[in-house]
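Everything below belongs to coords27.pdb, which stores PDB, C-alpha atoms and all ligand atoms.
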ATOM      1  CA  MET A   1       0.000   0.000   0.000
ATOM      2  CA  GLN A   2       1.536   3.176  -1.344
ATOM      3  CA  PHE A   3       0.119   5.669   1.143
ATOM      4  CA  TYR A   4       0.641   4.056   4.549
ATOM      5  CA  SER A   5       3.077   1.438   5.776
ATOM      6  CA  LYS A   6       2.419  -1.557   8.015
ATOM      7  CA  GLU A   7       4.060   0.406  10.849
ATOM      8  CA  ASP A   8       1.624   3.309  10.373
ATOM      9  CA  ILE A   9      -1.387   1.120  11.061
ATOM     10  CA  GLN A  10      -0.043   0.108  14.476
ATOM     11  CA  ALA A  11      -1.407   3.463  15.668
ATOM     12  CA  PHE A  12      -4.909   2.495  14.472
ATOM     13  CA  ASP A  13      -6.419   2.033  17.946
ATOM     14  CA  THR A  14      -5.278   5.506  19.016
ATOM     15  CA  VAL A  15      -6.703   7.348  16.009
ATOM     16  CA  ARG A  16      -9.907   9.272  16.700
ATOM     17  CA  PHE A  17     -11.802   9.472  13.419
ATOM     18  CA  MET A  18     -13.886  12.578  12.784
ATOM     19  CA  TYR A  19     -15.901  11.446   9.790
ATOM     20  CA  ILE A  20     -15.944   7.657   9.719
ATOM     21  CA  GLN A  21     -16.571   4.775  12.107
ATOM     22  CA  THR A  22     -14.979   1.361  11.856
ATOM     23  CA  THR A  23     -15.693  -2.050  13.375
ATOM     24  CA  LEU A  24     -13.974  -5.401  13.109
ATOM     25  CA  THR A  25     -16.353  -8.320  13.695
ATOM     26  CA  GLY A  26     -14.688 -11.665  13.154
ATOM     27  CA  HIS A  27     -12.976 -11.299   9.794
ATOM     28  CA  ILE A  28     -15.263  -8.534   8.523
ATOM     29  CA  PHE A  29     -14.083  -4.933   8.715
ATOM     30  CA  THR A  30     -16.792  -2.303   8.275
ATOM     31  CA  ILE A  31     -16.169   1.324   7.398
ATOM     32  CA  THR A  32     -19.156   3.617   7.934
ATOM     33  CA  LEU A  33     -19.109   7.030   6.262
ATOM     34  CA  ASN A  34     -20.371   9.148   9.100
ATOM     35  CA  ARG A  35     -21.043  12.698   8.017
ATOM     36  CA  PRO A  36     -24.771  12.348   7.374
ATOM     37  CA  GLU A  37     -25.561  16.026   7.998
ATOM     38  CA  LYS A  38     -23.451  16.842   4.905
ATOM     39  CA  ARG A  39     -24.666  13.730   3.061
ATOM     40  CA  ASN A  40     -21.245  12.131   3.526
ATOM     41  CA  ALA A  41     -19.576  14.662   1.238
ATOM     42  CA  PHE A  42     -15.907  14.092   1.864
ATOM     43  CA  THR A  43     -13.318  16.700   2.710
ATOM     44  CA  PRO A  44      -9.640  15.842   2.137
ATOM     45  CA  THR A  45      -9.478  14.833   5.806
ATOM     46  CA  MET A  46     -12.426  12.464   5.513
ATOM     47  CA  ALA A  47     -10.866  10.933   2.382
ATOM     48  CA  GLU A  48      -7.629  10.507   4.306
ATOM     49  CA  GLU A  49      -9.485   8.752   7.130
ATOM     50  CA  ILE A  50     -11.072   6.337   4.671
ATOM     51  CA  ILE A  51      -7.688   5.638   3.087
ATOM     52  CA  TYR A  52      -6.105   5.014   6.482
ATOM     53  CA  ALA A  53      -8.925   2.584   7.356
ATOM     54  CA  ILE A  54      -8.356   0.814   4.034
ATOM     55  CA  ALA A  55      -4.652   0.557   4.822
ATOM     56  CA  TYR A  56      -5.554  -1.005   8.181
ATOM     57  CA  ALA A  57      -7.757  -3.588   6.462
ATOM     58  CA  HIS A  58      -5.037  -4.239   3.907
ATOM     59  CA  TYR A  59      -2.328  -4.991   6.463
ATOM     60  CA  ASN A  60      -4.364  -6.698   9.200
ATOM     61  CA  PRO A  61      -4.272 -10.462   8.504
ATOM     62  CA  GLU A  62      -7.493 -10.913  10.502
ATOM     63  CA  VAL A  63      -9.460  -8.902   7.913
ATOM     64  CA  ARG A  64     -10.830 -10.991   5.059
ATOM     65  CA  CYS A  65     -13.571  -8.715   3.778
ATOM     66  CA  VAL A  66     -14.335  -4.983   3.918
ATOM     67  CA  ILE A  67     -17.826  -3.487   3.886
ATOM     68  CA  VAL A  68     -18.285   0.217   3.148
ATOM     69  CA  GLN A  69     -21.640   1.610   4.243
ATOM     70  CA  ALA A  70     -23.005   5.046   5.039
ATOM     71  CA  ALA A  71     -24.951   6.752   7.805
ATOM     72  CA  GLY A  72     -27.970   8.822   6.786
ATOM     73  CA  PRO A  73     -30.095   9.007   3.657
ATOM     74  CA  VAL A  74     -27.277   9.562   1.121
ATOM     75  CA  PHE A  75     -24.419   7.115   0.547
ATOM     76  CA  CYS A  76     -22.048   9.860  -0.592
ATOM     77  CA  ALA A  77     -22.580  13.311  -2.154
ATOM     78  CA  GLY A  78     -19.043  13.339  -3.556
ATOM     79  CA  ALA A  79     -16.322  15.761  -2.653
ATOM     80  CA  ASP A  80     -17.215  18.579  -0.270
ATOM     81  CA  LEU A  81     -17.937  21.503  -2.571
ATOM     82  CA  ASN A  82     -16.946  24.013   0.113
ATOM     83  CA  ALA A  83     -13.524  22.436   0.525
ATOM     84  CA  PHE A  84     -12.686  23.300  -3.103
ATOM     85  CA  HIS A  85     -12.667  27.020  -2.435
ATOM     86  CA  ASP A  86     -12.674  27.474   1.317
ATOM     87  CA  SER A  87      -9.693  26.006   3.138
ATOM     88  CA  SER A  88     -11.365  26.763   6.503
ATOM     89  CA  ALA A  89     -13.838  24.003   5.587
ATOM     90  CA  ASN A  90     -10.944  21.583   6.094
ATOM     91  CA  GLN A  91     -10.382  20.486   9.639
ATOM     92  CA  THR A  92      -7.315  18.287   9.923
ATOM     93  CA  ASN A  93      -7.139  15.117  11.978
ATOM     94  CA  ASP A  94      -3.962  15.367  14.021
ATOM     95  CA  THR A  95      -4.322  11.835  15.360
ATOM     96  CA  LEU A  96      -3.828  10.305  11.882
ATOM     97  CA  PRO A  97      -0.305   9.229  10.949
ATOM     98  CA  GLN A  98       1.065  11.320   8.097
ATOM     99  CA  SER A  99       0.519   9.567   4.772
ATOM    100  CA  ARG A 100       3.684   8.956   2.792
ATOM    101  CA  GLU A 101       2.403  10.827  -0.231
ATOM    102  CA  GLU A 102      -0.738  12.594  -1.319
ATOM    103  CA  ALA A 103      -3.349   9.904  -0.919
ATOM    104  CA  ARG A 104      -6.031   9.246  -3.513
ATOM    105  CA  LEU A 105      -9.238   7.410  -2.719
ATOM    106  CA  GLY A 106      -9.524   5.515  -6.015
ATOM    107  CA  ASP A 107      -5.931   4.294  -5.858
ATOM    108  CA  ALA A 108      -6.299   3.187  -2.245
ATOM    109  CA  PHE A 109      -9.259   0.939  -3.081
ATOM    110  CA  GLU A 110      -7.327  -0.493  -6.013
ATOM    111  CA  GLN A 111      -4.406  -1.345  -3.757
ATOM    112  CA  LEU A 112      -6.602  -3.069  -1.156
ATOM    113  CA  LEU A 113      -5.929  -6.775  -1.626
ATOM    114  CA  LYS A 114      -9.052  -7.892   0.282
ATOM    115  CA  PRO A 115     -12.542  -8.209  -1.236
ATOM    116  CA  SER A 116     -14.730  -5.193  -0.601
ATOM    117  CA  ILE A 117     -18.473  -4.612  -0.717
ATOM    118  CA  ALA A 118     -20.253  -1.256  -0.966
ATOM    119  CA  LYS A 119     -23.651  -1.384   0.742
ATOM    120  CA  VAL A 120     -25.608   1.375  -0.978
ATOM    121  CA  GLU A 121     -28.938   2.493   0.491
ATOM    122  CA  GLY A 122     -29.171   5.997  -0.948
ATOM    123  CA  PRO A 123     -27.862   8.238  -3.727
ATOM    124  CA  VAL A 124     -24.237   8.079  -4.842
ATOM    125  CA  LEU A 125     -22.920  11.197  -6.520
ATOM    126  CA  ALA A 126     -19.722  12.412  -8.133
ATOM    127  CA  GLY A 127     -16.622  11.562  -6.053
ATOM    128  CA  GLY A 128     -18.712   8.900  -4.251
ATOM    129  CA  PHE A 129     -18.142   6.833  -7.397
ATOM    130  CA  LEU A 130     -14.500   6.458  -6.358
ATOM    131  CA  ILE A 131     -15.770   4.281  -3.520
ATOM    132  CA  ILE A 132     -18.296   2.187  -5.407
ATOM    133  CA  CYS A 133     -15.980   1.715  -8.403
ATOM    134  CA  GLY A 134     -13.190   0.722  -6.026
ATOM    135  CA  CYS A 135     -15.272  -1.974  -4.325
ATOM    136  CA  ASN A 136     -15.486  -5.461  -5.823
ATOM    137  CA  PHE A 137     -19.210  -5.770  -5.124
ATOM    138  CA  VAL A 138     -21.886  -3.081  -5.008
ATOM    139  CA  VAL A 139     -25.113  -4.135  -3.349
ATOM    140  CA  SER A 140     -27.847  -1.555  -3.711
ATOM    141  CA  THR A 141     -31.420  -0.966  -2.658
ATOM    142  CA  PRO A 142     -33.886  -0.318  -5.518
ATOM    143  CA  ASN A 143     -34.393   3.335  -4.553
ATOM    144  CA  ALA A 144     -30.703   4.320  -4.648
ATOM    145  CA  ASN A 145     -29.662   6.465  -7.582
ATOM    146  CA  PHE A 146     -26.357   7.270  -9.192
ATOM    147  CA  SER A 147     -25.186  10.476 -10.858
ATOM    148  CA  LEU A 148     -22.172  12.485 -11.938
ATOM    149  CA  PRO A 149     -23.409  16.076 -11.489
ATOM    150  CA  GLU A 150     -19.953  17.647 -11.944
ATOM    151  CA  VAL A 151     -20.952  19.199 -15.298
ATOM    152  CA  LYS A 152     -23.758  20.989 -13.457
ATOM    153  CA  ARG A 153     -21.163  22.540 -11.112
ATOM    154  CA  GLY A 154     -18.803  23.714 -13.867
ATOM    155  CA  ILE A 155     -16.305  20.891 -13.431
ATOM    156  CA  TRP A 156     -15.681  17.379 -14.792
ATOM    157  CA  PRO A 157     -15.295  14.053 -12.907
ATOM    158  CA  MET A 158     -11.632  13.738 -13.850
ATOM    159  CA  GLN A 159     -10.442  11.067 -11.404
ATOM    160  CA  VAL A 160     -13.856   9.409 -11.268
ATOM    161  CA  MET A 161     -13.719   8.692 -14.998
ATOM    162  CA  ALA A 162     -10.458   6.780 -14.566
ATOM    163  CA  SER A 163     -12.137   4.530 -11.968
ATOM    164  CA  LEU A 164     -15.481   4.305 -13.761
ATOM    165  CA  SER A 165     -13.972   3.261 -17.073
ATOM    166  CA  LYS A 166     -12.486   0.207 -15.338
ATOM    167  CA  VAL A 167     -16.017  -0.907 -14.434
ATOM    168  CA  VAL A 168     -18.265   0.128 -17.320
ATOM    169  CA  SER A 169     -17.674   0.821 -21.000
ATOM    170  CA  ASP A 170     -16.105   4.130 -22.036
ATOM    171  CA  ARG A 171     -19.328   4.948 -23.848
ATOM    172  CA  LYS A 172     -21.435   4.530 -20.680
ATOM    173  CA  ALA A 173     -18.909   6.412 -18.528
ATOM    174  CA  LEU A 174     -18.976   9.350 -20.945
ATOM    175  CA  GLU A 175     -22.766   9.208 -21.201
ATOM    176  CA  MET A 176     -23.066   9.481 -17.409
ATOM    177  CA  ALA A 177     -20.508  12.296 -17.188
ATOM    178  CA  ILE A 178     -21.877  14.333 -20.086
ATOM    179  CA  SER A 179     -25.544  14.007 -19.127
ATOM    180  CA  GLY A 180     -25.035  14.525 -15.390
ATOM    181  CA  ARG A 181     -28.458  12.930 -14.896
ATOM    182  CA  ASN A 182     -29.711  10.529 -12.232
ATOM    183  CA  TYR A 183     -29.557   6.833 -13.090
ATOM    184  CA  THR A 184     -31.732   4.366 -11.219
ATOM    185  CA  ALA A 185     -30.257   1.317  -9.502
ATOM    186  CA  LYS A 186     -31.918  -0.850 -12.155
ATOM    187  CA  GLU A 187     -30.288   1.147 -14.972
ATOM    188  CA  VAL A 188     -26.783   0.884 -13.536
ATOM    189  CA  LEU A 189     -27.318  -2.797 -12.721
ATOM    190  CA  ASP A 190     -27.901  -3.353 -16.416
ATOM    191  CA  PHE A 191     -24.452  -2.021 -17.296
ATOM    192  CA  GLY A 192     -22.587  -3.548 -14.386
ATOM    193  CA  LEU A 193     -21.977  -0.644 -12.006
ATOM    194  CA  VAL A 194     -24.101  -2.416  -9.391
ATOM    195  CA  THR A 195     -23.633  -6.142  -8.669
ATOM    196  CA  PHE A 196     -27.139  -6.811  -7.395
ATOM    197  CA  ILE A 197     -30.192  -5.078  -6.002
ATOM    198  CA  VAL A 198     -31.943  -6.173  -2.829
ATOM    199  CA  GLU A 199     -34.901  -4.770  -0.949
ATOM    200  CA  LYS A 200     -34.104  -2.299   1.830
ATOM    201  CA  GLU A 201     -35.389  -4.658   4.552
ATOM    202  CA  SER A 202     -32.935  -7.385   3.591
ATOM    203  CA  ILE A 203     -29.836  -5.449   2.506
ATOM    204  CA  HIS A 204     -27.991  -5.890   5.813
ATOM    205  CA  SER A 205     -28.570  -9.635   5.965
ATOM    206  CA  GLU A 206     -27.774 -10.087   2.255
ATOM    207  CA  VAL A 207     -24.499  -8.166   2.559
ATOM    208  CA  ASP A 208     -23.605 -10.118   5.709
ATOM    209  CA  LYS A 209     -24.297 -13.364   3.838
ATOM    210  CA  LEU A 210     -22.062 -12.260   0.979
ATOM    211  CA  ALA A 211     -19.293 -11.231   3.384
ATOM    212  CA  ASP A 212     -19.561 -14.567   5.248
ATOM    213  CA  MET A 213     -19.333 -16.437   1.963
ATOM    214  CA  ILE A 214     -16.172 -14.502   1.042
ATOM    215  CA  CYS A 215     -14.664 -15.162   4.470
ATOM    216  CA  GLU A 216     -15.156 -18.915   4.030
ATOM    217  CA  ASN A 217     -12.829 -18.882   1.012
ATOM    218  CA  ALA A 218      -9.042 -19.133   1.224
ATOM    219  CA  PRO A 219      -7.811 -15.650   2.263
ATOM    220  CA  LEU A 220      -4.240 -16.137   1.068
ATOM    221  CA  ALA A 221      -5.412 -17.327  -2.342
ATOM    222  CA  ILE A 222      -7.743 -14.335  -2.684
ATOM    223  CA  THR A 223      -5.081 -11.802  -1.728
ATOM    224  CA  ALA A 224      -2.447 -13.430  -3.960
ATOM    225  CA  GLY A 225      -4.982 -13.655  -6.764
ATOM    226  CA  MET A 226      -6.072 -10.027  -6.459
ATOM    227  CA  SER A 227      -2.432  -8.956  -6.451
ATOM    228  CA  ALA A 228      -1.599 -11.050  -9.541
ATOM    229  CA  PHE A 229      -4.714  -9.727 -11.267
ATOM    230  CA  GLN A 230      -3.389  -6.171 -10.746
ATOM    231  CA  GLN A 231       0.191  -6.961 -11.654
ATOM    232  CA  ILE A 232      -0.429  -8.640 -14.997
ATOM    233  CA  LYS A 233      -1.877  -5.378 -16.267
ATOM    234  CA  ASN A 234       1.648  -3.928 -16.159
ATOM    235  CA  LEU A 235       3.191  -6.860 -18.017
ATOM    236  CA  ALA A 236       3.586  -7.434 -21.724
ATOM    237  CA  GLU A 237       1.474 -10.308 -23.012
ATOM    238  CA  HIS A 238       4.508 -12.563 -23.524
ATOM    239  CA  GLU A 239       5.511 -12.109 -19.849
ATOM    240  CA  GLN A 240       2.107 -12.909 -18.413
ATOM    241  CA  HIS A 241       2.149 -16.695 -18.765
ATOM    242  CA  ALA A 242       5.438 -17.172 -16.870
ATOM    243  CA  PHE A 243       4.363 -14.678 -14.224
ATOM    244  CA  LEU A 244       1.018 -16.373 -13.594
ATOM    245  CA  LYS A 245       2.618 -19.825 -13.501
ATOM    246  CA  ALA A 246       5.147 -18.621 -10.906
ATOM    247  CA  GLN A 247       2.332 -17.113  -8.825
ATOM    248  CA  LEU A 248       0.348 -20.360  -8.909
ATOM    249  CA  ASP A 249       3.432 -22.472  -8.122
ATOM    250  CA  HIS A 250       4.068 -20.252  -5.126
ATOM    251  CA  LEU A 251       0.465 -20.588  -3.957
ATOM    252  CA  LEU A 252       0.614 -24.375  -4.363
ATOM    253  CA  GLN A 253       3.383 -24.425  -1.742
ATOM    254  CA  SER A 254       1.133 -22.735   0.823
ATOM    255  CA  GLU A 255      -0.341 -24.543   3.834
ATOM    256  CA  ASP A 256      -3.780 -23.391   2.694
ATOM    257  CA  ALA A 257      -3.437 -25.047  -0.719
ATOM    258  CA  LYS A 258      -2.594 -28.343   0.987
ATOM    259  CA  GLU A 259      -5.425 -27.860   3.492
ATOM    260  CA  GLY A 260      -7.896 -27.079   0.706
ATOM    261  CA  VAL A 261      -7.269 -30.401  -1.027
ATOM    262  CA  LEU A 262      -7.117 -32.370   2.226
ATOM    263  CA  ALA A 263     -10.408 -30.896   3.464
ATOM    264  CA  PHE A 264     -12.023 -31.821   0.134
ATOM    265  CA  LYS A 265     -10.815 -35.418   0.464
ATOM    266  CA  GLU A 266     -11.902 -35.628   4.102
ATOM    267  CA  LYS A 267     -15.283 -34.077   3.256
ATOM    268  CA  ARG A 268     -14.992 -31.261   5.822
ATOM    269  CA  ASN A 269     -14.694 -27.474   5.805
ATOM    270  CA  PRO A 270     -11.121 -26.205   5.387
ATOM    271  CA  ASP A 271      -9.390 -24.552   8.321
ATOM    272  CA  TRP A 272      -7.470 -21.702   6.669
ATOM    273  CA  LYS A 273      -4.224 -20.526   8.254
ATOM    274  CA  ASN A 274      -3.656 -17.657   5.796
ATOM    275  CA  LYS A 275      -0.187 -19.151   5.250
TER     276      LYS A 275
HETATM  277  C1  LIG A 301     -26.762  14.790  -2.263
HETATM  278  C2  LIG A 301     -28.053  15.563  -2.389
HETATM  279  C3  LIG A 301     -28.868  15.076  -3.581
HETATM  280  C4  LIG A 301     -28.843  15.321  -1.089
HETATM  281  O1  LIG A 301     -30.014  16.102  -1.056
HETATM  282  P1  LIG A 301     -30.801  16.315   0.330
HETATM  283  O2  LIG A 301     -32.023  17.057   0.031
HETATM  284  O3  LIG A 301     -30.908  14.984   1.015
HETATM  285  O4  LIG A 301     -29.786  17.154   1.241
HETATM  286  P2  LIG A 301     -29.452  18.727   1.144
HETATM  287  O5  LIG A 301     -30.424  19.480   1.973
HETATM  288  O6  LIG A 301     -29.235  19.139  -0.266
HETATM  289  O7  LIG A 301     -28.012  18.761   1.856
HETATM  290  C5  LIG A 301     -27.843  18.587   3.261
HETATM  291  C6  LIG A 301     -26.544  19.282   3.618
HETATM  292  O8  LIG A 301     -25.454  18.600   2.970
HETATM  293  C7  LIG A 301     -24.689  19.566   2.254
HETATM  294  N1  LIG A 301     -24.072  18.959   1.082
HETATM  295  C8  LIG A 301     -24.636  18.055   0.227
HETATM  296  N2  LIG A 301     -23.747  17.709  -0.732
HETATM  297  C9  LIG A 301     -22.622  18.420  -0.476
HETATM  298  C10 LIG A 301     -21.348  18.501  -1.104
HETATM  299  N3  LIG A 301     -21.028  17.755  -2.183
HETATM  300  N4  LIG A 301     -20.428  19.315  -0.572
HETATM  301  C11 LIG A 301     -20.701  20.035   0.528
HETATM  302  N5  LIG A 301     -21.882  20.002   1.178
HETATM  303  C12 LIG A 301     -22.821  19.199   0.671
HETATM  304  C13 LIG A 301     -25.692  20.631   1.859
HETATM  305  O9  LIG A 301     -25.049  21.819   1.492
HETATM  306  C14 LIG A 301     -26.497  20.729   3.135
HETATM  307  O10 LIG A 301     -25.745  21.464   4.075
HETATM  308  P3  LIG A 301     -26.463  22.584   5.022
HETATM  309  O11 LIG A 301     -27.446  21.779   5.861
HETATM  310  O12 LIG A 301     -25.346  23.160   5.804
HETATM  311  O13 LIG A 301     -27.152  23.540   4.099
HETATM  312  C15 LIG A 301     -27.790  17.091  -2.569
HETATM  313  O14 LIG A 301     -27.259  17.595  -1.346
HETATM  314  C16 LIG A 301     -26.794  17.418  -3.645
HETATM  315  O15 LIG A 301     -27.135  17.426  -4.817
HETATM  316  N6  LIG A 301     -25.525  17.701  -3.252
HETATM  317  C17 LIG A 301     -24.505  18.128  -4.186
HETATM  318  C18 LIG A 301     -23.813  16.938  -4.804
HETATM  319  C19 LIG A 301     -22.733  17.412  -5.739
HETATM  320  O16 LIG A 301     -22.877  18.312  -6.515
HETATM  321  N7  LIG A 301     -21.579  16.733  -5.686
HETATM  322  C20 LIG A 301     -20.460  17.110  -6.515
HETATM  323  C21 LIG A 301     -19.258  17.174  -5.667
HETATM  324  S1  LIG A 301     -17.871  17.584  -6.643
HETATM  325  C22 LIG A 301     -17.003  16.117  -6.822
HETATM  326  O17 LIG A 301     -17.259  15.137  -6.162
HETATM  327  C23 LIG A 301     -15.922  16.172  -7.845
HETATM  328  C24 LIG A 301     -15.093  14.881  -7.936
HETATM  329  O18 LIG A 301     -15.267  14.353  -9.245
HETATM  330  C25 LIG A 301     -13.670  15.263  -7.685
HETATM  331  N8  LIG A 301     -12.821  14.207  -7.008
HETATM  332  C26 LIG A 301     -12.829  12.951  -7.742
HETATM  333  C27 LIG A 301     -11.449  14.756  -6.929
HETATM  334  C28 LIG A 301     -13.287  13.916  -5.623
END
Write out the structure in this file as structure tokens.
Amino acid sequence: MQFYSKEDIQAFDTVRFMYIQTTLTGHIFTITLNRPEKRNAFTPTMAEEIIYAIAYAHYNPEVRCVIVQAAGPVFCAGADLNAFHDSSANQTNDTLPQSREEARLGDAFEQLLKPSIAKVEGPVLAGGFLIICGCNFVVSTPNANFSLPEVKRGIWPMQVMASLSKVVSDRKALEMAISGRNYTAKEVLDFGLVTFIVEKESIHSEVDKLADMICENAPLAITAGMSAFQQIKNLAEHEQHAFLKAQLDHLLQSEDAKEGVLAFKEKRNPDWKNK
């Protein structure tokens, strides 16, 4: 993780977050965006808090799945519009370790080598897309809606487009950015921005079920696989085969790979050691 080191996250228990809450229950780490009065619009400090929490999840071997959810009626209203022009809108969090370089929300999610789920119960706007595009699963209620209103504010979703175009086609990403209109959950499900839609009453239990299912799978294999999946993008095609073979050979030496086969033969659930 580019922005924080393993040493930085040792201070995690002493950090007092201003804009998020976190919980670790079993292997599931939950980040709650907690600025409902401003519809979870994020200031640079709030973004930094989210990134630090992601770094914690990334380095903590206990964490096997991350859920991002939001307090209040809106999942995220994007970047705080006041913070663009008014530096007094930016309170700093002095309890956070200093990040090693300017941290970016989209990049942090990309570098998280643990599966992540966005639990979306209300509108997602603008910079909020950095979160949902960064998560591996987006579970949404039917009433949530999705929009890139930047063009209505005289700007353009620069960084968002980089994240969005990894999830949907360039044509759809441009359509959303140029129109600036609201898309329903059903519409964005159809082009893959949302993974599935569930009724409001069952979203918590459905997301918990999904997280439990992820946690039952081999954590080392998932992390190694997510890392390899990222790394091959930087390799020439002729280098990819050897790289992937080496990655698999390495994984085959792991205790978990042996346990996975043994548990299958013994007709029992595997007991993963993450080694
Ligand atoms: C989200 C929303 C639909 C919710 O409506 P509501 O009726 O439930 O709530 P509200 O009364 O409009 O807002 C409640 C409070 O929340 C504040 N708020 C809402 N969105 C905000 C925002 N983005 N920045 C600052 N305050 C924001 C409102 O100003 C207000 O504050 P006040 O009570 O002090 O008046 C409505 O607030 C809204 O349209 N907000 C604006 C959203 C918007 O334009 N976002 C664009 C942000 S720019 C952006 O994200 C650019 C991004 O691409 C750049 N980067 C990638 C680098 C991060």
Counting all atoms listed in the file, which residues of chain A fall within 6 Å of ligand LIG 301 (chain A), and what is the closest atom pair for each with its distance in Å at one decimal, ordered by chain and rising number, as a tab-separated table?
residue	atom	partner	partner_atom	distance
A:Glu37	CA	A:LIG301	C6	5.5
A:Lys38	CA	A:LIG301	O8	3.3
A:Arg39	CA	A:LIG301	O8	4.9
A:Ala41	CA	A:LIG301	C10	4.8
A:Ala77	CA	A:LIG301	C1	4.4
A:Gly78	CA	A:LIG301	O17	3.6
A:Ala79	CA	A:LIG301	O17	3.7
A:Asp80	CA	A:LIG301	N4	3.3
A:Leu81	CA	A:LIG301	N4	3.9
A:Asn82	CA	A:LIG301	C11	5.5
A:Leu125	CA	A:LIG301	N7	5.8
A:Ala126	CA	A:LIG301	O17	4.2
A:Gly127	CA	A:LIG301	O17	3.6
A:Pro149	CA	A:LIG301	O16	5.5
A:Glu150	CA	A:LIG301	C20	5.5
A:Pro157	CA	A:LIG301	O18	3.7
A:Met158	CA	A:LIG301	O18	5.9
A:Gln159	CA	A:LIG301	C26	4.8
A:Val160	CA	A:LIG301	C26	5.1
Nearest residue to Arg100 in chain A from the set A:Leu33, A:Leu252, A:Glu48, A:Cys215 (distances using only C-alpha atoms):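 The shortest atom-to-atom distance to Arg100 in chain A comes from A:Glu48.
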Using the chain letters and numbers from the file, which residues does the PyMOL selection byres (((chain A and resi 143) around 12) and not hetatm) grab, as a list in words? Pro73, Val74, Phe75, Val120, Glu121, Gly122, Pro123, Val124, Val139, Ser140, Thr141, Pro142, Ala144, Asn145, Phe146, Asn182, Tyr183, Thr184, Ala185, Lys186, Glu187, Ile197, Val198, Glu199 and Lys200 of chain A
Taking all atoms listed in the file into account, name the residue in A:Phe84, A:Met213, A:Thr92, A:Ile9 that is nearest to His27 in chain A. A:Met213
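Comparing A:Ala162, A:Ile232, A:Ile31, A:Val168 by their smallest distance to Lys119 in chain A, the closest is A:Ile31 (using only C-alpha atoms).
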Can you list, as a ChimeraX atom specification, every protein, DNA or RNA residue that comes within 12 Å of Leu220 in chain A when you count all atoms listed in the file, leaving out same-chain residues fewer than 4 positions away? /A:61-64,113-115,215-216,224-227,247-248,250-257,260,272-275
